[in-house]
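Remarks on the structure that follows.
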Amino acid sequence: MNNVNDITENFGTLYRPKSALVFYQTKGTNTDMYVEHFDMDKNGNPINAHPLTVNEAKVLAKALYTNKEKDKAFLKPKGILPTNILHINPSEKGTVLWYTKSQEQQLYFVNGLGIPNGKAYVPPMLWYASKNSLAVFALTTDRRPKENTPLYFAPFFNIYEDGKVCMGTVSIDIKNSASVEEFISAWENYFFNSYFSHLLGKQNPIKGNCVSLWKKLIETSEVFPKETLKKNNKTLKNLL
C-alpha cells in the first residue's frame, strides 16, 4: 500500500532561476543596444552583472532553436503515415483530414432523448480537425475517399449543418507536440465519449427520425443503414 503522506508524485517539474538578461537602449534617433547578463543566487537575486558573452549568447540561441523545433513536431507522424490519413497541414494552426471505416462504437446519450447508452454500428466517416475544432461527415463506402467523393451529413446529434461538432462542456486539450496519431485518436475519443444531446438548427441529418434510428441500432446491433444518409452537396475537395 502506498504511503498516504507521500505526495511528491503530484508535483510538477520545479524550475529555479539561473540567470537573467537586461537589455539597455540609448535614447535618441540613433539608438544603440547593450545586453547585460546576471547570475542568480540561491534566493533568486541577480548577482555578478557582466556584458553578455559570445558563449552565453550561443547557449541562449540553442535553447530558442530547441523550442522552435519542438513546435515543429506538431502533427509529425510517429512512423509510416497511417493509410486512413488523407491530408495534413502541419503548421501552428495545423489541420488533419482522415477517414474511418464503418465500425461498432460505444455511444452515450442524455436521458431526455430516451435512447439507452450502448454499442451501435456507425457509418464510414470523414473527419476534419484543428487543435480546437472538429467537423465530421458520413461516407457510404469503406473505400479510401478521393477528392470527388460525395459527402453526407453525419447522422448524429450535436452537429451543425456545416459539419462542425458542438463539443459542449468537453475540455479539449491537444498538446503542441502531439503526433498525428495522437491527434486523431484524441479527437475520436472526444467525439464518441461525449454525450449526444440534441439536433442543431432545423436540419434533420438523415432520412427519417434520428432518435428512432439510434434506438433501433443499439437494440438490434444492425449495420448502419446507409440508405438513410442525406447528401450535403459537398465533396472531399471542398475541405482541402
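FYI, nothing fancy with the C-alpha cells labels: chains A, B, ... in order, residues from 1 per chain, ligands from 1 as they appear.
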Discussion item. Which residues are near stretch 121-130 of chain A? Cut-off 8 Å, only C-alpha atoms, ignore same chain within fewer than 2 positions. Put them as a PyMOL selection string.
Written reply: chain A and resi 93-105+119+132-142+154+187+217+221-224+226+239
Write the residues of the selection above to a file with N, CA, C and O atoms, as a short mmCIF file (atom, residue, chain, number, x, y, z; two decimals), in the first residue's frame.
data_model
loop_
_atom_site.label_atom_id
_atom_site.label_comp_id
_atom_site.auth_asym_id
_atom_site.auth_seq_id
_atom_site.Cartn_x
_atom_site.Cartn_y
_atom_site.Cartn_z
N LYS A 93 -1.30 26.32 -36.78
CA LYS A 93 -2.75 26.15 -36.77
C LYS A 93 -3.11 24.97 -37.66
O LYS A 93 -4.01 25.04 -38.49
N GLY A 94 -2.38 23.88 -37.46
CA GLY A 94 -2.48 22.71 -38.33
C GLY A 94 -3.84 22.03 -38.32
O GLY A 94 -4.62 22.14 -37.36
N THR A 95 -4.12 21.31 -39.40
CA THR A 95 -5.35 20.54 -39.54
C THR A 95 -5.02 19.16 -40.09
O THR A 95 -3.99 18.96 -40.74
N VAL A 96 -5.92 18.23 -39.82
CA VAL A 96 -5.78 16.87 -40.35
C VAL A 96 -7.12 16.43 -40.92
O VAL A 96 -8.18 16.70 -40.34
N LEU A 97 -7.07 15.78 -42.07
CA LEU A 97 -8.26 15.22 -42.70
C LEU A 97 -8.05 13.71 -42.76
O LEU A 97 -7.05 13.24 -43.29
N TRP A 98 -8.97 12.94 -42.18
CA TRP A 98 -8.83 11.49 -42.17
C TRP A 98 -10.21 10.83 -42.24
O TRP A 98 -11.24 11.49 -42.09
N TYR A 99 -10.21 9.53 -42.48
CA TYR A 99 -11.49 8.82 -42.54
C TYR A 99 -11.42 7.55 -41.71
O TYR A 99 -10.34 7.04 -41.40
N THR A 100 -12.59 7.06 -41.31
CA THR A 100 -12.69 5.79 -40.59
C THR A 100 -13.75 4.93 -41.28
O THR A 100 -14.72 5.43 -41.82
N LYS A 101 -13.52 3.64 -41.23
CA LYS A 101 -14.47 2.71 -41.82
C LYS A 101 -15.65 2.48 -40.88
O LYS A 101 -15.61 2.86 -39.71
N SER A 102 -16.68 1.86 -41.41
CA SER A 102 -17.83 1.51 -40.57
C SER A 102 -17.36 0.65 -39.41
O SER A 102 -16.56 -0.28 -39.59
N GLN A 103 -17.82 0.97 -38.21
CA GLN A 103 -17.34 0.26 -37.03
C GLN A 103 -18.38 0.32 -35.91
O GLN A 103 -19.29 1.16 -35.92
N GLU A 104 -18.24 -0.60 -34.96
CA GLU A 104 -19.11 -0.58 -33.79
C GLU A 104 -18.50 0.31 -32.73
O GLU A 104 -17.31 0.20 -32.42
N GLN A 105 -19.30 1.20 -32.16
CA GLN A 105 -18.81 2.17 -31.19
C GLN A 105 -19.72 2.23 -29.97
O GLN A 105 -20.94 2.06 -30.07
N LYS A 119 -23.65 0.04 -27.46
CA LYS A 119 -22.85 -0.09 -28.68
C LYS A 119 -23.75 -0.15 -29.90
O LYS A 119 -24.81 -0.77 -29.88
N ASN A 132 -8.53 23.00 -32.08
CA ASN A 132 -9.66 23.47 -31.27
C ASN A 132 -11.04 23.15 -31.84
O ASN A 132 -12.04 23.42 -31.18
N SER A 133 -11.12 22.61 -33.04
CA SER A 133 -12.44 22.37 -33.63
C SER A 133 -12.45 21.08 -34.44
O SER A 133 -11.42 20.61 -34.93
N LEU A 134 -13.66 20.54 -34.59
CA LEU A 134 -13.84 19.27 -35.31
C LEU A 134 -15.08 19.36 -36.19
O LEU A 134 -16.11 19.90 -35.78
N ALA A 135 -14.96 18.83 -37.40
CA ALA A 135 -16.11 18.66 -38.28
C ALA A 135 -16.14 17.21 -38.74
O ALA A 135 -15.08 16.61 -38.99
N VAL A 136 -17.33 16.64 -38.85
CA VAL A 136 -17.45 15.25 -39.28
C VAL A 136 -18.52 15.12 -40.35
O VAL A 136 -19.51 15.87 -40.37
N PHE A 137 -18.32 14.15 -41.24
CA PHE A 137 -19.25 13.87 -42.32
C PHE A 137 -19.37 12.36 -42.47
O PHE A 137 -18.53 11.61 -41.98
N ALA A 138 -20.42 11.93 -43.13
CA ALA A 138 -20.61 10.49 -43.36
C ALA A 138 -20.22 10.15 -44.79
O ALA A 138 -20.26 10.99 -45.70
N LEU A 139 -19.81 8.89 -44.97
CA LEU A 139 -19.49 8.34 -46.28
C LEU A 139 -20.35 7.08 -46.49
O LEU A 139 -20.86 6.51 -45.52
N THR A 140 -20.47 6.66 -47.72
CA THR A 140 -21.31 5.48 -47.98
C THR A 140 -20.51 4.22 -48.25
O THR A 140 -21.09 3.16 -48.47
N THR A 141 -19.19 4.33 -48.24
CA THR A 141 -18.37 3.16 -48.51
C THR A 141 -17.12 3.20 -47.65
O THR A 141 -16.66 4.27 -47.25
N ASP A 142 -16.56 2.02 -47.39
CA ASP A 142 -15.32 1.92 -46.61
C ASP A 142 -14.08 2.20 -47.45
O ASP A 142 -12.98 2.26 -46.91
N ALA A 154 -23.37 13.88 -41.28
CA ALA A 154 -23.12 12.89 -40.23
C ALA A 154 -24.41 12.65 -39.46
O ALA A 154 -25.04 13.61 -39.00
N TRP A 187 -9.18 13.15 -30.93
CA TRP A 187 -10.44 13.69 -31.42
C TRP A 187 -11.53 12.61 -31.51
O TRP A 187 -12.70 12.87 -31.21
N LEU A 217 -30.75 0.84 -33.64
CA LEU A 217 -29.41 0.31 -33.89
C LEU A 217 -28.76 -0.22 -32.62
O LEU A 217 -28.03 -1.21 -32.65
N SER A 221 -28.14 -4.13 -32.89
CA SER A 221 -26.75 -4.29 -33.35
C SER A 221 -26.66 -4.48 -34.86
O SER A 221 -25.74 -5.12 -35.38
N GLU A 222 -27.62 -3.91 -35.60
CA GLU A 222 -27.60 -3.99 -37.06
C GLU A 222 -26.55 -3.05 -37.63
O GLU A 222 -26.15 -2.07 -37.00
N VAL A 223 -26.09 -3.36 -38.85
CA VAL A 223 -25.17 -2.47 -39.57
C VAL A 223 -25.91 -1.19 -39.90
O VAL A 223 -27.12 -1.19 -40.17
N PHE A 224 -25.19 -0.07 -39.87
CA PHE A 224 -25.85 1.21 -40.12
C PHE A 224 -26.47 1.23 -41.53
O PHE A 224 -25.78 0.91 -42.51
N LYS A 226 -27.10 2.66 -44.70
CA LYS A 226 -26.55 3.79 -45.46
C LYS A 226 -27.60 4.51 -46.30
O LYS A 226 -27.41 5.67 -46.69
N LEU A 239 -13.01 20.54 -48.68
CA LEU A 239 -12.36 20.69 -47.37
C LEU A 239 -10.88 20.98 -47.49
O LEU A 239 -10.25 21.34 -46.50
#
Worksheet item: Hey, what's within 12 Å of A:Phe74 if we count only C-alpha atoms and toss same-chain stuff fewer than 3 positions away? As a list in words, please?
Response: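 Skipping anything fewer than 3 positions along the chain leaves Lys68, Glu69, Lys70, Asp71, Pro77, Lys78, Ile88, Asn89, Pro90, Ser91, Glu92, Lys93, Gly94, Thr95, Val96, Ser130, Lys131, Ile174, Lys175, Asn176, Ser177, Ala178, Ser179, Val180, Glu181, Glu182 and Phe183 of chain A.
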Worksheet item: Running DSSP on the backbone, which parts of stretch 113-215 of chain A land in helix (DSSP H, G or I), as a PyMOL selection string?
Response: chain A and resi 113+180-192+210-215
Worksheet item: Which residues, written as a PyMOL selection string, have at least one atom at most 12 Å from A:Trp214, with only C-alpha atoms counted and residues fewer than 2 positions away on the same chain left out?
Response: chain A and resi 105-109+113-122+155-157+196+206+208-212+216-225+228
Pull N, CA, C and O atoms from the residues just selected and write them as a CSV table (one decimal), in the first residue's frame.
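Done, and the output landed in result_31.csv:
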chain,number,residue,atom,x,y,z
A,105,GLN,N,-19.3,1.2,-32.2
A,105,GLN,CA,-18.8,2.2,-31.2
A,105,GLN,C,-19.7,2.2,-30.0
A,105,GLN,O,-20.9,2.1,-30.1
A,106,GLN,N,-19.1,2.5,-28.8
A,106,GLN,CA,-19.9,2.8,-27.6
A,106,GLN,C,-20.4,4.2,-27.7
A,106,GLN,O,-19.6,5.1,-28.0
A,107,LEU,N,-21.7,4.4,-27.6
A,107,LEU,CA,-22.3,5.7,-27.7
A,107,LEU,C,-23.0,6.1,-26.5
A,107,LEU,O,-23.6,5.3,-25.7
A,108,TYR,N,-23.1,7.4,-26.2
A,108,TYR,CA,-23.7,8.0,-25.0
A,108,TYR,C,-24.7,9.0,-25.4
A,108,TYR,O,-24.5,9.9,-26.2
A,109,PHE,N,-25.9,8.9,-24.7
A,109,PHE,CA,-27.0,9.9,-25.0
A,109,PHE,C,-27.5,10.4,-23.7
A,109,PHE,O,-27.6,9.7,-22.7
A,113,LEU,N,-33.3,12.1,-24.4
A,113,LEU,CA,-33.6,11.6,-25.7
A,113,LEU,C,-34.3,10.2,-25.7
A,113,LEU,O,-34.9,9.8,-26.7
A,114,GLY,N,-34.2,9.5,-24.6
A,114,GLY,CA,-34.9,8.2,-24.5
A,114,GLY,C,-34.1,7.1,-25.2
A,114,GLY,O,-34.7,6.1,-25.6
A,115,ILE,N,-32.9,7.4,-25.5
A,115,ILE,CA,-32.0,6.4,-26.2
A,115,ILE,C,-31.1,5.8,-25.2
A,115,ILE,O,-30.3,6.6,-24.5
A,116,PRO,N,-31.0,4.5,-25.0
A,116,PRO,CA,-30.1,3.9,-24.0
A,116,PRO,C,-28.6,4.0,-24.5
A,116,PRO,O,-28.4,4.0,-25.7
A,117,ASN,N,-27.7,4.2,-23.5
A,117,ASN,CA,-26.3,4.2,-23.9
A,117,ASN,C,-26.0,2.7,-24.3
A,117,ASN,O,-26.5,1.8,-23.7
A,118,GLY,N,-25.1,2.6,-25.3
A,118,GLY,CA,-24.8,1.2,-25.7
A,118,GLY,C,-23.9,1.2,-27.0
A,118,GLY,O,-23.6,2.3,-27.5
A,119,LYS,N,-23.6,0.0,-27.5
A,119,LYS,CA,-22.9,-0.1,-28.7
A,119,LYS,C,-23.7,-0.1,-29.9
A,119,LYS,O,-24.8,-0.8,-29.9
A,120,ALA,N,-23.3,0.5,-31.0
A,120,ALA,CA,-24.0,0.5,-32.2
A,120,ALA,C,-23.0,0.7,-33.4
A,120,ALA,O,-21.9,1.3,-33.2
A,121,TYR,N,-23.4,0.3,-34.5
A,121,TYR,CA,-22.6,0.5,-35.7
A,121,TYR,C,-22.8,1.9,-36.3
A,121,TYR,O,-23.9,2.3,-36.4
A,122,VAL,N,-21.7,2.6,-36.6
A,122,VAL,CA,-21.7,3.9,-37.2
A,122,VAL,C,-21.2,3.8,-38.6
A,122,VAL,O,-20.5,2.8,-39.0
A,155,PRO,N,-24.8,11.4,-39.3
A,155,PRO,CA,-26.2,11.1,-38.7
A,155,PRO,C,-26.2,11.1,-37.2
A,155,PRO,O,-26.7,10.2,-36.6
A,156,PHE,N,-25.6,12.2,-36.6
A,156,PHE,CA,-25.5,12.3,-35.2
A,156,PHE,C,-26.2,13.5,-34.6
A,156,PHE,O,-26.5,14.5,-35.4
A,157,PHE,N,-26.3,13.6,-33.3
A,157,PHE,CA,-26.7,14.8,-32.7
A,157,PHE,C,-25.5,15.7,-32.4
A,157,PHE,O,-24.4,15.3,-32.6
A,196,PHE,N,-24.3,12.7,-26.7
A,196,PHE,CA,-25.2,13.3,-27.7
A,196,PHE,C,-26.5,13.8,-27.0
A,196,PHE,O,-27.1,13.1,-26.2
A,206,ILE,N,-30.7,12.9,-41.3
A,206,ILE,CA,-31.0,11.6,-42.0
A,206,ILE,C,-32.4,11.7,-42.6
A,206,ILE,O,-33.2,12.6,-42.4
A,208,GLY,N,-35.5,10.3,-42.2
A,208,GLY,CA,-36.2,9.6,-41.1
A,208,GLY,C,-36.0,10.2,-39.8
A,208,GLY,O,-35.6,11.4,-39.7
A,209,ASN,N,-36.4,9.5,-38.7
A,209,ASN,CA,-36.3,10.0,-37.3
A,209,ASN,C,-35.0,9.6,-36.7
A,209,ASN,O,-34.7,8.4,-36.6
A,210,CYS,N,-34.1,10.6,-36.3
A,210,CYS,CA,-32.8,10.3,-35.8
A,210,CYS,C,-32.9,9.5,-34.5
A,210,CYS,O,-32.1,8.6,-34.2
A,211,VAL,N,-33.8,9.9,-33.6
A,211,VAL,CA,-33.9,9.2,-32.3
A,211,VAL,C,-34.3,7.8,-32.5
A,211,VAL,O,-33.7,6.9,-31.9
A,212,SER,N,-35.3,7.5,-33.3
A,212,SER,CA,-35.8,6.2,-33.6
A,212,SER,C,-34.7,5.3,-34.2
A,212,SER,O,-34.5,4.1,-33.8
A,216,LYS,N,-33.0,1.9,-32.4
A,216,LYS,CA,-33.1,0.6,-33.0
A,216,LYS,C,-31.7,0.0,-33.2
A,216,LYS,O,-31.5,-1.2,-33.0
A,217,LEU,N,-30.8,0.8,-33.6
A,217,LEU,CA,-29.4,0.3,-33.9
A,217,LEU,C,-28.8,-0.2,-32.6
A,217,LEU,O,-28.0,-1.2,-32.6
A,218,ILE,N,-29.0,0.4,-31.5
A,218,ILE,CA,-28.5,0.0,-30.2
A,218,ILE,C,-29.2,-1.3,-29.8
A,218,ILE,O,-28.5,-2.2,-29.2
A,219,GLU,N,-30.4,-1.4,-30.0
A,219,GLU,CA,-31.2,-2.6,-29.6
A,219,GLU,C,-30.9,-3.8,-30.4
A,219,GLU,O,-30.9,-4.9,-29.9
A,220,THR,N,-30.6,-3.6,-31.7
A,220,THR,CA,-30.5,-4.7,-32.7
A,220,THR,C,-29.1,-5.1,-33.1
A,220,THR,O,-28.9,-6.2,-33.6
A,221,SER,N,-28.1,-4.1,-32.9
A,221,SER,CA,-26.7,-4.3,-33.4
A,221,SER,C,-26.7,-4.5,-34.9
A,221,SER,O,-25.7,-5.1,-35.4
A,222,GLU,N,-27.6,-3.9,-35.6
A,222,GLU,CA,-27.6,-4.0,-37.1
A,222,GLU,C,-26.5,-3.1,-37.6
A,222,GLU,O,-26.2,-2.1,-37.0
A,223,VAL,N,-26.1,-3.4,-38.8
A,223,VAL,CA,-25.2,-2.5,-39.6
A,223,VAL,C,-25.9,-1.2,-39.9
A,223,VAL,O,-27.1,-1.2,-40.2
A,224,PHE,N,-25.2,-0.1,-39.9
A,224,PHE,CA,-25.8,1.2,-40.1
A,224,PHE,C,-26.5,1.2,-41.5
A,224,PHE,O,-25.8,0.9,-42.5
A,225,PRO,N,-27.7,1.6,-41.6
A,225,PRO,CA,-28.4,1.6,-42.9
A,225,PRO,C,-28.0,2.9,-43.8
A,225,PRO,O,-28.5,4.0,-43.6
A,228,THR,N,-30.2,5.7,-45.3
A,228,THR,CA,-30.8,6.8,-44.6
A,228,THR,C,-30.0,8.1,-44.6
A,228,THR,O,-30.4,9.1,-44.1
Worksheet entry | Contacts of A:Ala20 at 10 Å (only C-alpha atoms; same-chain gap of 6+ positions) as a list in words |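 Contacts, with the query itself left out: Glu36, His37, Phe38, Asp39, Met40, Asn45, Pro46, Ile47 and Ala49 of chain A.
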Worksheet entry | Selected residue of minimal separation from A:Val35 among A:Val54, A:Val170, A:Leu229, A:Leu75, counting only C-alpha atoms | A:Val54
Worksheet item: Hey, what's within 8 Å of A:Pro145 if we count only C-alpha atoms and toss same-chain stuff fewer than 2 positions away? As a ChimeraX atom specification, please?
Response: /A:99,143,147-149,236
Worksheet item: So which bits of stretch 59-232 of chain A end up strand (DSSP E) when you DSSP the backbone, as a ChimeraX atom specification?
Response: /A:85-89,95-100,103-109,118-122,125-129,134-138,150-153,195-196,231-232
Take the residues just selected and output them with N, CA and C atoms as a compact mmCIF listing (two decimals), in the first residue's frame.
# COMPACT_ATOMS: atom_id res chain seq x y z
N ILE A 85 -5.17 8.52 -43.17
CA ILE A 85 -4.95 9.97 -43.17
C ILE A 85 -4.88 10.45 -44.61
N LEU A 86 -5.69 11.46 -44.92
CA LEU A 86 -5.82 11.95 -46.29
C LEU A 86 -5.04 13.23 -46.55
N HIS A 87 -4.92 14.08 -45.53
CA HIS A 87 -4.23 15.36 -45.73
C HIS A 87 -3.79 15.91 -44.38
N ILE A 88 -2.58 16.51 -44.34
CA ILE A 88 -2.06 17.12 -43.12
C ILE A 88 -1.56 18.51 -43.44
N ASN A 89 -1.93 19.47 -42.62
CA ASN A 89 -1.34 20.81 -42.67
C ASN A 89 -0.61 21.00 -41.34
N THR A 95 -4.12 21.31 -39.40
CA THR A 95 -5.35 20.54 -39.54
C THR A 95 -5.02 19.16 -40.09
N VAL A 96 -5.92 18.23 -39.82
CA VAL A 96 -5.78 16.87 -40.35
C VAL A 96 -7.12 16.43 -40.92
N LEU A 97 -7.07 15.78 -42.07
CA LEU A 97 -8.26 15.22 -42.70
C LEU A 97 -8.05 13.71 -42.76
N TRP A 98 -8.97 12.94 -42.18
CA TRP A 98 -8.83 11.49 -42.17
C TRP A 98 -10.21 10.83 -42.24
N TYR A 99 -10.21 9.53 -42.48
CA TYR A 99 -11.49 8.82 -42.54
C TYR A 99 -11.42 7.55 -41.71
N THR A 100 -12.59 7.06 -41.31
CA THR A 100 -12.69 5.79 -40.59
C THR A 100 -13.75 4.93 -41.28
N GLN A 103 -17.82 0.97 -38.21
CA GLN A 103 -17.34 0.26 -37.03
C GLN A 103 -18.38 0.32 -35.91
N GLU A 104 -18.24 -0.60 -34.96
CA GLU A 104 -19.11 -0.58 -33.79
C GLU A 104 -18.50 0.31 -32.73
N GLN A 105 -19.30 1.20 -32.16
CA GLN A 105 -18.81 2.17 -31.19
C GLN A 105 -19.72 2.23 -29.97
N GLN A 106 -19.12 2.47 -28.82
CA GLN A 106 -19.89 2.76 -27.63
C GLN A 106 -20.39 4.21 -27.74
N LEU A 107 -21.70 4.41 -27.60
CA LEU A 107 -22.30 5.73 -27.74
C LEU A 107 -23.03 6.13 -26.46
N TYR A 108 -23.07 7.44 -26.19
CA TYR A 108 -23.69 7.96 -24.98
C TYR A 108 -24.73 9.03 -25.35
N PHE A 109 -25.89 8.95 -24.70
CA PHE A 109 -26.98 9.89 -24.98
C PHE A 109 -27.53 10.43 -23.66
N GLY A 118 -25.10 2.59 -25.28
CA GLY A 118 -24.75 1.23 -25.70
C GLY A 118 -23.94 1.24 -26.97
N LYS A 119 -23.65 0.04 -27.46
CA LYS A 119 -22.85 -0.09 -28.68
C LYS A 119 -23.75 -0.15 -29.90
N ALA A 120 -23.28 0.54 -30.97
CA ALA A 120 -24.01 0.53 -32.23
C ALA A 120 -23.03 0.74 -33.36
N TYR A 121 -23.41 0.29 -34.55
CA TYR A 121 -22.56 0.49 -35.71
C TYR A 121 -22.78 1.89 -36.27
N VAL A 122 -21.67 2.57 -36.58
CA VAL A 122 -21.72 3.90 -37.19
C VAL A 122 -21.24 3.75 -38.63
N MET A 125 -16.83 7.40 -41.85
CA MET A 125 -16.86 8.82 -41.53
C MET A 125 -15.62 9.54 -42.06
N LEU A 126 -15.81 10.82 -42.37
CA LEU A 126 -14.72 11.70 -42.73
C LEU A 126 -14.57 12.73 -41.60
N TRP A 127 -13.33 12.91 -41.13
CA TRP A 127 -13.05 13.80 -40.00
C TRP A 127 -12.13 14.92 -40.46
N TYR A 128 -12.41 16.13 -40.01
CA TYR A 128 -11.55 17.29 -40.33
C TYR A 128 -11.40 18.11 -39.06
N ALA A 129 -10.16 18.19 -38.54
CA ALA A 129 -9.96 18.81 -37.23
C ALA A 129 -8.74 19.71 -37.18
N LEU A 134 -13.66 20.54 -34.59
CA LEU A 134 -13.84 19.27 -35.31
C LEU A 134 -15.08 19.36 -36.19
N ALA A 135 -14.96 18.83 -37.40
CA ALA A 135 -16.11 18.66 -38.28
C ALA A 135 -16.14 17.21 -38.74
N VAL A 136 -17.33 16.64 -38.85
CA VAL A 136 -17.45 15.25 -39.28
C VAL A 136 -18.52 15.12 -40.35
N PHE A 137 -18.32 14.15 -41.24
CA PHE A 137 -19.25 13.87 -42.32
C PHE A 137 -19.37 12.36 -42.47
N ALA A 138 -20.42 11.93 -43.13
CA ALA A 138 -20.61 10.49 -43.36
C ALA A 138 -20.22 10.15 -44.79
N PRO A 150 -18.44 12.15 -52.82
CA PRO A 150 -19.52 12.96 -52.22
C PRO A 150 -19.60 12.75 -50.71
N LEU A 151 -19.92 13.82 -50.01
CA LEU A 151 -20.05 13.76 -48.55
C LEU A 151 -21.53 13.77 -48.17
N TYR A 152 -21.80 13.19 -47.01
CA TYR A 152 -23.16 13.12 -46.48
C TYR A 152 -23.17 13.73 -45.08
N PHE A 153 -24.34 14.18 -44.66
CA PHE A 153 -24.46 14.70 -43.30
C PHE A 153 -24.17 13.58 -42.30
N TYR A 195 -21.54 13.11 -24.63
CA TYR A 195 -22.95 12.75 -24.67
C TYR A 195 -23.67 13.46 -25.81
N PHE A 196 -24.34 12.68 -26.67
CA PHE A 196 -25.18 13.26 -27.71
C PHE A 196 -26.46 13.77 -27.04
N LYS A 231 -27.22 13.50 -48.69
CA LYS A 231 -26.11 14.24 -49.29
C LYS A 231 -26.12 15.69 -48.81
N ASN A 232 -24.93 16.26 -48.68
CA ASN A 232 -24.87 17.68 -48.31
C ASN A 232 -24.30 18.53 -49.45
